[in-house]
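K.L.:
One file is attached below, coords-v9.pdb, containing PDB, C-alpha atoms, pLDDT in the B column.
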```pdb
ATOM      1  CA  MET I   1       6.070   8.961 -25.539  1.00 44.00           C
ATOM      2  CA  ASN I   2       3.934   6.004 -26.538  1.00 53.00           C
ATOM      3  CA  PRO I   3       1.246   5.376 -23.852  1.00 55.00           C
ATOM      4  CA  THR I   4       1.178   1.651 -24.726  1.00 62.00           C
ATOM      5  CA  ASP I   5       4.907   1.258 -24.057  1.00 71.00           C
ATOM      6  CA  GLN I   6       5.531  -1.601 -21.591  1.00 75.00           C
ATOM      7  CA  TYR I   7       8.097   0.523 -19.726  1.00 80.00           C
ATOM      8  CA  THR I   8       6.064   3.671 -19.085  1.00 83.00           C
ATOM      9  CA  PHE I   9       2.930   4.097 -17.019  1.00 85.00           C
ATOM     10  CA  PHE I  10       0.602   7.073 -16.873  1.00 83.00           C
ATOM     11  CA  PHE I  11      -1.766   8.376 -14.239  1.00 86.00           C
ATOM     12  CA  ASP I  12      -5.230   7.252 -15.309  1.00 89.00           C
ATOM     13  CA  ASP I  13      -8.087   7.292 -12.796  1.00 90.00           C
ATOM     14  CA  ASP I  14      -9.839   4.469 -14.660  1.00 90.00           C
ATOM     15  CA  LEU I  15      -6.941   2.077 -14.000  1.00 91.00           C
ATOM     16  CA  PHE I  16      -7.425   2.127 -10.207  1.00 94.00           C
ATOM     17  CA  VAL I  17      -9.260  -1.007  -9.038  1.00 94.00           C
ATOM     18  CA  GLU I  18     -11.666  -1.143  -6.087  1.00 95.00           C
ATOM     19  CA  THR I  19     -10.665  -3.619  -3.368  1.00 94.00           C
ATOM     20  CA  ASP I  20     -12.758  -5.621  -0.922  1.00 93.00           C
ATOM     21  CA  HIS I  21     -12.496  -2.700   1.510  1.00 94.00           C
ATOM     22  CA  PRO I  22     -14.834   0.243   0.775  1.00 96.00           C
ATOM     23  CA  GLY I  23     -12.877   3.406   0.008  1.00 97.00           C
ATOM     24  CA  PHE I  24      -9.689   1.563  -1.044  1.00 97.00           C
ATOM     25  CA  ARG I  25      -8.585   1.707  -4.694  1.00 97.00           C
ATOM     26  CA  ARG I  26      -5.205   0.648  -6.028  1.00 95.00           C
ATOM     27  CA  ARG I  27      -3.119   0.312  -9.137  1.00 94.00           C
ATOM     28  CA  VAL I  28      -0.384  -2.336  -9.170  1.00 93.00           C
ATOM     29  CA  ILE I  29       2.717  -2.308 -11.381  1.00 92.00           C
ATOM     30  CA  ILE I  30       4.948  -5.384 -11.208  1.00 91.00           C
ATOM     31  CA  GLY I  31       8.633  -5.604 -12.103  1.00 91.00           C
ATOM     32  CA  ASP I  32      11.070  -8.469 -11.908  1.00 91.00           C
ATOM     33  CA  HIS I  33      12.442  -7.489  -8.485  1.00 95.00           C
ATOM     34  CA  LEU I  34       9.925  -5.050  -7.022  1.00 95.00           C
ATOM     35  CA  GLU I  35       6.251  -4.196  -7.068  1.00 95.00           C
ATOM     36  CA  LEU I  36       4.489  -0.823  -6.739  1.00 95.00           C
ATOM     37  CA  TRP I  37       1.007  -0.446  -5.267  1.00 96.00           C
ATOM     38  CA  PHE I  38      -0.417   3.059  -5.770  1.00 97.00           C
ATOM     39  CA  TRP I  39      -3.188   3.491  -3.213  1.00 97.00           C
ATOM     40  CA  ARG I  40      -6.025   6.012  -3.299  1.00 98.00           C
ATOM     41  CA  ILE I  41      -7.848   5.708   0.034  1.00 98.00           C
ATOM     42  CA  LYS I  42     -10.851   7.781   1.099  1.00 98.00           C
ATOM     43  CA  GLY I  43     -10.305   9.654   4.344  1.00 98.00           C
ATOM     44  CA  GLY I  44     -11.944   7.739   7.192  1.00 97.00           C
ATOM     45  CA  ALA I  45     -11.873   4.397   5.321  1.00 96.00           C
ATOM     46  CA  GLU I  46     -11.444   1.348   7.549  1.00 93.00           C
ATOM     47  CA  GLY I  47      -9.941  -2.048   6.878  1.00 86.00           C
ATOM     48  CA  SER I  48      -6.243  -1.792   7.593  1.00 92.00           C
ATOM     49  CA  THR I  49      -5.217  -4.500  10.042  1.00 94.00           C
ATOM     50  CA  LEU I  50      -1.937  -4.823  11.887  1.00 97.00           C
ATOM     51  CA  HIS I  51       0.146  -7.259   9.838  1.00 96.00           C
ATOM     52  CA  ALA I  52       3.685  -8.246   8.857  1.00 96.00           C
ATOM     53  CA  HIS I  53       5.176  -9.769   5.709  1.00 95.00           C
ATOM     54  CA  ASP I  54       7.450 -12.791   6.092  1.00 94.00           C
ATOM     55  CA  ALA I  55       9.263 -12.385   2.780  1.00 94.00           C
ATOM     56  CA  ASN I  56       8.833  -8.767   1.673  1.00 95.00           C
ATOM     57  CA  GLU I  57      10.184  -5.380   2.619  1.00 97.00           C
ATOM     58  CA  GLN I  58       7.650  -2.578   2.233  1.00 97.00           C
ATOM     59  CA  LEU I  59       8.548   1.065   1.667  1.00 98.00           C
ATOM     60  CA  GLY I  60       5.657   3.524   1.756  1.00 98.00           C
ATOM     61  CA  ILE I  61       5.620   7.153   0.628  1.00 98.00           C
ATOM     62  CA  ILE I  62       2.713   9.408   1.591  1.00 98.00           C
ATOM     63  CA  MET I  63       1.862  11.448  -1.499  1.00 98.00           C
ATOM     64  CA  ARG I  64      -1.342  13.115  -0.288  1.00 98.00           C
ATOM     65  CA  GLY I  65      -3.193  13.312   3.032  1.00 98.00           C
ATOM     66  CA  THR I  66      -2.119  11.878   6.386  1.00 98.00           C
ATOM     67  CA  LEU I  67      -1.464   8.343   7.630  1.00 98.00           C
ATOM     68  CA  ASP I  68      -1.776   7.669  11.381  1.00 98.00           C
ATOM     69  CA  PHE I  69      -0.614   4.087  12.010  1.00 97.00           C
ATOM     70  CA  ARG I  70       1.421   1.650  14.086  1.00 98.00           C
ATOM     71  CA  ILE I  71       4.793   0.223  13.093  1.00 98.00           C
ATOM     72  CA  GLY I  72       7.207  -1.901  15.137  1.00 97.00           C
ATOM     73  CA  ASP I  73       6.521  -4.575  17.744  1.00 96.00           C
ATOM     74  CA  ALA I  74       3.017  -6.032  17.632  1.00 96.00           C
ATOM     75  CA  ASP I  75       2.499  -5.155  21.311  1.00 97.00           C
ATOM     76  CA  ASP I  76       3.625  -1.529  20.894  1.00 96.00           C
ATOM     77  CA  GLN I  77       0.538   0.700  20.887  1.00 97.00           C
ATOM     78  CA  ALA I  78       2.512   3.858  19.921  1.00 97.00           C
ATOM     79  CA  ARG I  79       1.231   5.558  16.773  1.00 98.00           C
ATOM     80  CA  LYS I  80       3.155   7.425  14.095  1.00 98.00           C
ATOM     81  CA  VAL I  81       1.654  10.243  12.038  1.00 98.00           C
ATOM     82  CA  LEU I  82       3.011  10.709   8.521  1.00 98.00           C
ATOM     83  CA  ASN I  83       2.121  13.581   6.219  1.00 98.00           C
ATOM     84  CA  THR I  84       2.658  14.323   2.533  1.00 98.00           C
ATOM     85  CA  GLY I  85       6.292  13.630   1.637  1.00 98.00           C
ATOM     86  CA  ASP I  86       6.969  11.402   4.656  1.00 98.00           C
ATOM     87  CA  LEU I  87       7.844   7.733   4.286  1.00 98.00           C
ATOM     88  CA  TYR I  88       8.195   4.562   6.289  1.00 98.00           C
ATOM     89  CA  LEU I  89      10.138   1.330   5.921  1.00 98.00           C
ATOM     90  CA  ALA I  90       8.707  -1.974   7.151  1.00 98.00           C
ATOM     91  CA  PRO I  91      11.404  -4.634   6.759  1.00 98.00           C
ATOM     92  CA  ALA I  92      10.251  -8.258   6.536  1.00 97.00           C
ATOM     93  CA  THR I  93       8.533  -9.425   9.770  1.00 97.00           C
ATOM     94  CA  VAL I  94       8.002  -5.868  11.111  1.00 97.00           C
ATOM     95  CA  TRP I  95       4.392  -5.250  12.157  1.00 98.00           C
ATOM     96  CA  HIS I  96       2.574  -2.297  10.598  1.00 97.00           C
ATOM     97  CA  GLY I  97      -0.986  -1.123   9.948  1.00 97.00           C
ATOM     98  CA  ASP I  98      -3.983  -0.442  12.221  1.00 97.00           C
ATOM     99  CA  SER I  99      -4.248   2.792  10.252  1.00 97.00           C
ATOM    100  CA  VAL I 100      -6.341   5.911  10.386  1.00 97.00           C
ATOM    101  CA  PHE I 101      -6.548   7.661   7.017  1.00 98.00           C
ATOM    102  CA  VAL I 102      -7.018  11.444   7.009  1.00 98.00           C
ATOM    103  CA  GLY I 103      -7.901  12.699   3.540  1.00 98.00           C
ATOM    104  CA  ASP I 104      -6.423  15.867   2.083  1.00 98.00           C
ATOM    105  CA  ASP I 105      -8.459  19.064   1.656  1.00 98.00           C
ATOM    106  CA  GLU I 106      -8.712  18.839  -2.145  1.00 98.00           C
ATOM    107  CA  LEU I 107      -9.859  15.237  -2.800  1.00 97.00           C
ATOM    108  CA  GLY I 108     -10.507  13.885   0.680  1.00 98.00           C
ATOM    109  CA  GLU I 109      -8.071  11.044  -0.079  1.00 98.00           C
ATOM    110  CA  VAL I 110      -4.800   9.587   1.147  1.00 98.00           C
ATOM    111  CA  TRP I 111      -2.401   8.573  -1.619  1.00 98.00           C
ATOM    112  CA  ILE I 112       0.309   6.081  -0.704  1.00 98.00           C
ATOM    113  CA  LEU I 113       2.947   4.535  -2.943  1.00 98.00           C
ATOM    114  CA  ASP I 114       3.889   1.154  -1.462  1.00 97.00           C
ATOM    115  CA  VAL I 115       6.938  -0.577  -2.917  1.00 97.00           C
ATOM    116  CA  PHE I 116       7.475  -4.263  -2.142  1.00 97.00           C
ATOM    117  CA  ALA I 117      10.679  -6.219  -2.680  1.00 97.00           C
ATOM    118  CA  PRO I 118      10.664  -8.926  -3.741  1.00 96.00           C
ATOM    119  CA  PRO I 119       7.358  -8.634  -5.614  1.00 94.00           C
ATOM    120  CA  ARG I 120       4.304 -10.043  -3.812  1.00 90.00           C
ATOM    121  CA  THR I 121       2.549 -10.958  -7.058  1.00 82.00           C
ATOM    122  CA  ALA I 122       3.809 -12.949 -10.036  1.00 68.00           C
ATOM    123  CA  ARG I 123       3.756 -11.137 -13.400  1.00 62.00           C
ATOM    124  CA  THR I 124       0.743 -13.282 -14.319  1.00 55.00           C
ATOM    125  CA  GLY I 125      -1.273 -11.363 -11.722  1.00 53.00           C
ATOM    126  CA  MET I 126      -1.651 -14.463  -9.571  1.00 44.00           C
ATOM    127  CA  PRO I 127      -0.265 -14.386  -6.016  1.00 40.00           C
ATOM    128  CA  ALA I 128       3.418 -15.226  -5.910  1.00 40.00           C
ATOM    129  CA  LEU I 129       2.984 -16.814  -2.496  1.00 34.00           C
ATOM    130  CA  SER I 130       0.256 -18.701  -0.757  1.00 29.00           C
ATOM    131  CA  GLY I 131      -0.419 -17.778   2.832  1.00 31.00           C
ATOM    132  CA  GLU I 132       1.257 -14.879   4.624  1.00 34.00           C
ATOM    133  CA  GLY I 133       2.738 -12.261   2.361  1.00 36.00           C
ATOM    134  CA  ALA I 134       0.400 -12.882  -0.563  1.00 33.00           C
ATOM    135  CA  PRO I 135      -2.217 -10.279  -1.506  1.00 41.00           C
ATOM    136  CA  SER I 136      -5.622 -11.061  -0.065  1.00 39.00           C
ATOM    137  CA  ALA I 137      -8.823  -9.385   1.025  1.00 36.00           C
ATOM    138  CA  ALA I 138      -7.624  -9.504   4.625  1.00 38.00           C
ATOM    139  CA  ASP I 139      -4.303  -7.814   3.838  1.00 44.00           C
ATOM    140  CA  ASP I 140      -4.438  -5.310   1.046  1.00 46.00           C
ATOM    141  CA  GLY I 141      -0.749  -4.670   1.568  1.00 51.00           C
ATOM    142  CA  SER I 142      -1.219  -1.058   2.482  1.00 50.00           C
ATOM    143  CA  ALA I 143       0.762   0.512   5.173  1.00 46.00           C
ATOM    144  CA  SER I 144      -1.732   1.116   6.233  1.00 57.00           C
TER     145      SER I 144
END
```
As structure tokens - that is how I would like this structure written.
P.N.:
Amino acid sequence: MNPTDQYTFFFDDDLFVETDHPGFRRRVIIGDHLELWFWRIKGGAEGSTLHAHDANEQLGIIMRGTLDFRIGDADDQARKVLNTGDLYLAPATVWHGDSVFVGDDELGEVWILDVFAPPRTARTGMPALSGEGAPSAADDGSAS
């Protein structure tokens, strides 16, 4: 397989980008109809706010560690705890976040694959939307 192929992507630690929130790193891969954000979050990291997306569904898969978060009505204080292999679905307008990240024993990290449809970012890397739903420092898009 050719590692420069536009249709294949490889795990490379150097391709994860630090965000405005300490302990949050991500790699983003954008398609025509969906977008993948691969999160590597240090256990105990803070910065996930309760938020909703007006125009995007978000599917999250916990690949490593534990995610303790809220999902549903904004007033609902109930928390859900997801472990490796668990997933969540946040349809458009469903509130989610206010997360606690519990790192795994090996790396002390939580790995989450977030898939957005439609994509939140244009292929140029610039936000596809302005305002709610667009990537920003205040909403890193994590489930989290």
K.L.:
Hey, which of I:Trp111, I:Phe116, I:Phe101, I:Phe69 ends up closest to Thr84 (chain I)? Count only C-alpha atoms.
P.N.:
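For Thr84 (chain I), the nearest of the given residues is I:Trp111.
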K.L.:
Using the chain letters and numbering of this document, enumerate as a VMD selection string the residues selected by the PyMOL selection byres ((chain I and resi 31) around 12).
P.N.:
chain I and resid 6 to 8 28 to 30 32 to 37 115 to 125
K.L.:
Find the residues near region 45-56 of chain I: any atom within 7 Å, counting all atoms listed in the file, skip ones fewer than 4 places away on the same chain, and give them as a list in words.
P.N.:
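Within the cut-off, the hits are His21, Pro22, Gly23, Ile41, Ala92, Thr93, Val94, Trp95, His96, Gly97, Asp98, Ser99, Phe101, Phe116, Ala117, Pro118, Glu132, Gly133 and Ser144 of chain I.
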K.L.:
Compare I:Arg27, I:Val100, I:Gly44, I:Ile62 by their minimum atom-to-atom distance to Leu82 (chain I), counting only C-alpha atoms, and give me the closest one.
P.N.:
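Answer, going by the shortest atom-to-atom distance: I:Ile62.
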K.L.:
Could you tell me which of I:Leu89, I:Ala74, I:Leu67, I:Ile61 comes closest to Glu109 (chain I) if we count all atoms listed in the file?
P.N.:
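Checking each candidate against Glu109 (chain I), we get I:Leu67 as the closest.
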